[in-house]
Amino acid sequence: MDAAERDLLGQSLRKIMTSTVAGPALDGELAELGWPELLAELPEVAVPLVFGLLGETGTVASVLNDVVLAAAGQEIGGTPSLPYAGGRWLVWARDVEPPAGAGVESTGPTGAFAVLDPALPLRQVDAGEPLTEAALAAGRRALGWWLVGSGRAMLTLAREHALARAQFGKPIASFQAVRHKLAETLVALDGAEATLLLASDDFSSLLAKAAAGQAALTAAKHCQQVLAGIGYTTEHDLHRHIERVLVLDGLLGSTKELTKQIGATLRRDRVAPRYAHLL
């Protein structure tokens, strides 16, 4: 797939995601567009595009299930158990309409998982089958692209606010403190994206998920500071992206847990693999 074809696919995906209700309806639209075939034949194109746009548009689809199942050599369409931070297990339910209102309350070990983001159809289960290394790696890369996409959405909101909001007769975008926050966010997101582009094996995928999670959390912190009081209100879209990244960060290992795992692996092996060769 050349650059022009990729751009056309991206435009089609963005149009679908911004015009279709999240959940089963969006799953159906993606399937009709050819998501299963793209995942099977061009995962290196399909996964960054689809998951990055899920983050940027703030919508929800159950495609993480498909990525994990395909990487494990299983037929897509099921709901595998997914490890979550703190030793918990979840399933990403299909055919569930996003609920309205406040967060979902937990109803027990096999009930709804108490999450900040009610649009994510996550359900807690007692335990799950351990995922293969390939499935974990593929899922972590996909989540990494989703987190980076959400981070870029927050950065866009903060940048637009900084350009429109004026104090002392000047846009706050001209203030050094604001510019630094936005610049640090951009650097973190670009760095995470570079790590994702290089991720191919188990360890590099673990690194990429940790980097993406850290970048998204950095974006949430800095963009909230730039938006100040308006960013705390439910009328502004920022809170939806913050809630999203706080939940997605915990799936398949949180940034904190994965960073500890990375350190333990490096101490054990006494070598740091090189994934990028800089000239």
# chains A, B, ... in the order shown; residues from 1 in each chain; ligands from 1

$ residues_around --residues "Ala70 of chain A" --least-positions-apart "6" --cutoff "9 Å" --atoms "only C-alpha atoms" --output "PyMOL selection string"
chain A and resi 39-40+76+135+138

$ residues_around --residues "segment 52-62 of chain A" --least-positions-apart "4" --cutoff "8 Å" --atoms "only C-alpha atoms" --output "list of chain:residue names"
A:Leu13, A:Arg14, A:Met17, A:Thr18, A:Ala22, A:Gly23, A:Pro24, A:Leu26, A:Asp27, A:Val47, A:Pro48, A:Asp66, A:Trp92, A:Ala93, A:Arg94, A:Ala119, A:Leu120, A:Trp145, A:Trp146, A:Leu147, A:Val148, A:Gly149, A:Ser150, A:Gly151, A:Arg152, A:Ala153, A:Arg240, A:His241

$ select_by_dssp --residues "segment 166-207 of chain A" --states "alpha helix (DSSP H)" --output "MDAnalysis selection string"
chainID A and resid 176:198 202:207

$ residues_around --residues "Val245 of chain A" --least-positions-apart "2" --cutoff "8 Å" --atoms "only C-alpha atoms" --output "PyMOL selection string"
chain A and resi 147+150+213+216-217+241-243+247-249

$ write_last_selection --atoms "N, CA and C atoms" --output "PDB file, in the first residue's frame"
ATOM      1  N   LEU A 147      -3.161   5.010  22.651  1.00  0.00           N
ATOM      2  CA  LEU A 147      -2.749   5.984  23.653  1.00  0.00           C
ATOM      3  C   LEU A 147      -2.120   7.214  23.012  1.00  0.00           C
ATOM      4  N   SER A 150      -4.838   9.315  21.483  1.00  0.00           N
ATOM      5  CA  SER A 150      -5.545  10.084  22.507  1.00  0.00           C
ATOM      6  C   SER A 150      -4.704  11.261  22.984  1.00  0.00           C
ATOM      7  N   GLY A 213       2.202   4.848  27.054  1.00  0.00           N
ATOM      8  CA  GLY A 213       1.443   5.157  28.254  1.00  0.00           C
ATOM      9  C   GLY A 213       1.991   6.371  28.979  1.00  0.00           C
ATOM     10  N   ALA A 216       1.097   9.522  26.978  1.00  0.00           N
ATOM     11  CA  ALA A 216      -0.309   9.889  27.117  1.00  0.00           C
ATOM     12  C   ALA A 216      -0.584  10.492  28.489  1.00  0.00           C
ATOM     13  N   LEU A 217       0.035   9.963  29.528  1.00  0.00           N
ATOM     14  CA  LEU A 217      -0.134  10.523  30.869  1.00  0.00           C
ATOM     15  C   LEU A 217       0.500  11.913  30.959  1.00  0.00           C
ATOM     16  N   HIS A 241     -10.869  12.230  27.084  1.00  0.00           N
ATOM     17  CA  HIS A 241      -9.583  11.660  26.671  1.00  0.00           C
ATOM     18  C   HIS A 241      -8.736  11.283  27.883  1.00  0.00           C
ATOM     19  N   ILE A 242      -8.800  12.082  28.942  1.00  0.00           N
ATOM     20  CA  ILE A 242      -8.047  11.745  30.152  1.00  0.00           C
ATOM     21  C   ILE A 242      -8.565  10.444  30.748  1.00  0.00           C
ATOM     22  N   GLU A 243      -9.881  10.310  30.852  1.00  0.00           N
ATOM     23  CA  GLU A 243     -10.464   9.078  31.376  1.00  0.00           C
ATOM     24  C   GLU A 243     -10.070   7.882  30.520  1.00  0.00           C
ATOM     25  N   VAL A 247      -7.636   4.481  31.743  1.00  0.00           N
ATOM     26  CA  VAL A 247      -8.094   3.095  31.698  1.00  0.00           C
ATOM     27  C   VAL A 247      -7.231   2.268  30.747  1.00  0.00           C
ATOM     28  N   LEU A 248      -6.997   2.762  29.540  1.00  0.00           N
ATOM     29  CA  LEU A 248      -6.223   1.998  28.559  1.00  0.00           C
ATOM     30  C   LEU A 248      -4.797   1.748  29.024  1.00  0.00           C
ATOM     31  N   ASP A 249      -4.244   2.665  29.816  1.00  0.00           N
ATOM     32  CA  ASP A 249      -2.880   2.472  30.309  1.00  0.00           C
ATOM     33  C   ASP A 249      -2.754   1.181  31.107  1.00  0.00           C
TER      34      ASP A 249
END

$ residues_around --residues "Gly231 of chain A" --least-positions-apart "5" --cutoff "12 Å" --atoms "only C-alpha atoms" --output "PDB file with N, CA, C and O atoms, in the first residue's frame"
ATOM      1  N   MET A 154      -5.622  15.342  22.866  1.00  0.00           N
ATOM      2  CA  MET A 154      -5.518  16.284  23.979  1.00  0.00           C
ATOM      3  C   MET A 154      -4.624  17.460  23.628  1.00  0.00           C
ATOM      4  O   MET A 154      -4.916  18.607  23.986  1.00  0.00           O
ATOM      5  N   LEU A 157      -6.560  19.931  21.521  1.00  0.00           N
ATOM      6  CA  LEU A 157      -7.483  20.728  22.328  1.00  0.00           C
ATOM      7  C   LEU A 157      -6.744  21.819  23.099  1.00  0.00           C
ATOM      8  O   LEU A 157      -7.195  22.967  23.179  1.00  0.00           O
ATOM      9  N   ALA A 158      -5.598  21.455  23.679  1.00  0.00           N
ATOM     10  CA  ALA A 158      -4.835  22.434  24.456  1.00  0.00           C
ATOM     11  C   ALA A 158      -4.264  23.521  23.558  1.00  0.00           C
ATOM     12  O   ALA A 158      -4.255  24.709  23.923  1.00  0.00           O
ATOM     13  N   HIS A 161      -6.995  25.946  22.543  1.00  0.00           N
ATOM     14  CA  HIS A 161      -7.340  26.812  23.661  1.00  0.00           C
ATOM     15  C   HIS A 161      -6.276  27.886  23.865  1.00  0.00           C
ATOM     16  O   HIS A 161      -6.597  29.053  24.106  1.00  0.00           O
ATOM     17  N   ALA A 220      -1.904  14.241  29.287  1.00  0.00           N
ATOM     18  CA  ALA A 220      -3.049  14.530  30.159  1.00  0.00           C
ATOM     19  C   ALA A 220      -2.686  15.588  31.195  1.00  0.00           C
ATOM     20  O   ALA A 220      -3.449  16.538  31.430  1.00  0.00           O
ATOM     21  N   LYS A 221      -1.517  15.456  31.794  1.00  0.00           N
ATOM     22  CA  LYS A 221      -1.094  16.395  32.835  1.00  0.00           C
ATOM     23  C   LYS A 221      -0.842  17.789  32.268  1.00  0.00           C
ATOM     24  O   LYS A 221      -1.379  18.782  32.778  1.00  0.00           O
ATOM     25  N   HIS A 222      -0.057  17.869  31.211  1.00  0.00           N
ATOM     26  CA  HIS A 222       0.294  19.176  30.662  1.00  0.00           C
ATOM     27  C   HIS A 222      -0.901  19.877  30.024  1.00  0.00           C
ATOM     28  O   HIS A 222      -1.075  21.098  30.169  1.00  0.00           O
ATOM     29  N   CYS A 223      -1.720  19.128  29.303  1.00  0.00           N
ATOM     30  CA  CYS A 223      -2.861  19.752  28.628  1.00  0.00           C
ATOM     31  C   CYS A 223      -3.904  20.211  29.643  1.00  0.00           C
ATOM     32  O   CYS A 223      -4.562  21.241  29.435  1.00  0.00           O
ATOM     33  N   GLN A 224      -4.045  19.471  30.734  1.00  0.00           N
ATOM     34  CA  GLN A 224      -4.940  19.937  31.789  1.00  0.00           C
ATOM     35  C   GLN A 224      -4.447  21.253  32.374  1.00  0.00           C
ATOM     36  O   GLN A 224      -5.242  22.160  32.651  1.00  0.00           O
ATOM     37  N   GLN A 225      -3.155  21.391  32.545  1.00  0.00           N
ATOM     38  CA  GLN A 225      -2.604  22.638  33.082  1.00  0.00           C
ATOM     39  C   GLN A 225      -2.806  23.792  32.109  1.00  0.00           C
ATOM     40  O   GLN A 225      -3.102  24.918  32.531  1.00  0.00           O
ATOM     41  N   VAL A 226      -2.653  23.537  30.811  1.00  0.00           N
ATOM     42  CA  VAL A 226      -2.849  24.598  29.829  1.00  0.00           C
ATOM     43  C   VAL A 226      -4.308  25.033  29.778  1.00  0.00           C
ATOM     44  O   VAL A 226      -4.622  26.228  29.716  1.00  0.00           O
ATOM     45  N   HIS A 236     -16.330  20.255  28.522  1.00  0.00           N
ATOM     46  CA  HIS A 236     -15.177  20.239  27.628  1.00  0.00           C
ATOM     47  C   HIS A 236     -14.773  18.793  27.345  1.00  0.00           C
ATOM     48  O   HIS A 236     -14.887  17.921  28.203  1.00  0.00           O
ATOM     49  N   ASP A 237     -14.265  18.545  26.133  1.00  0.00           N
ATOM     50  CA  ASP A 237     -13.943  17.175  25.720  1.00  0.00           C
ATOM     51  C   ASP A 237     -12.683  16.613  26.367  1.00  0.00           C
ATOM     52  O   ASP A 237     -12.445  15.401  26.288  1.00  0.00           O
ATOM     53  N   LEU A 238     -11.883  17.445  27.000  1.00  0.00           N
ATOM     54  CA  LEU A 238     -10.616  16.953  27.530  1.00  0.00           C
ATOM     55  C   LEU A 238     -10.811  15.800  28.500  1.00  0.00           C
ATOM     56  O   LEU A 238     -10.058  14.816  28.469  1.00  0.00           O
ATOM     57  N   HIS A 239     -11.813  15.894  29.371  1.00  0.00           N
ATOM     58  CA  HIS A 239     -11.970  14.876  30.416  1.00  0.00           C
ATOM     59  C   HIS A 239     -12.194  13.487  29.828  1.00  0.00           C
ATOM     60  O   HIS A 239     -11.778  12.476  30.402  1.00  0.00           O
ATOM     61  N   ARG A 240     -12.851  13.416  28.658  1.00  0.00           N
ATOM     62  CA  ARG A 240     -13.099  12.109  28.035  1.00  0.00           C
ATOM     63  C   ARG A 240     -11.793  11.440  27.614  1.00  0.00           C
ATOM     64  O   ARG A 240     -11.625  10.226  27.777  1.00  0.00           O
ATOM     65  N   HIS A 241     -10.869  12.230  27.084  1.00  0.00           N
ATOM     66  CA  HIS A 241      -9.583  11.660  26.671  1.00  0.00           C
ATOM     67  C   HIS A 241      -8.736  11.283  27.883  1.00  0.00           C
ATOM     68  O   HIS A 241      -8.027  10.264  27.858  1.00  0.00           O
ATOM     69  N   ILE A 242      -8.800  12.082  28.942  1.00  0.00           N
ATOM     70  CA  ILE A 242      -8.047  11.745  30.152  1.00  0.00           C
ATOM     71  C   ILE A 242      -8.565  10.444  30.748  1.00  0.00           C
ATOM     72  O   ILE A 242      -7.783   9.546  31.121  1.00  0.00           O
TER      73      ILE A 242
END
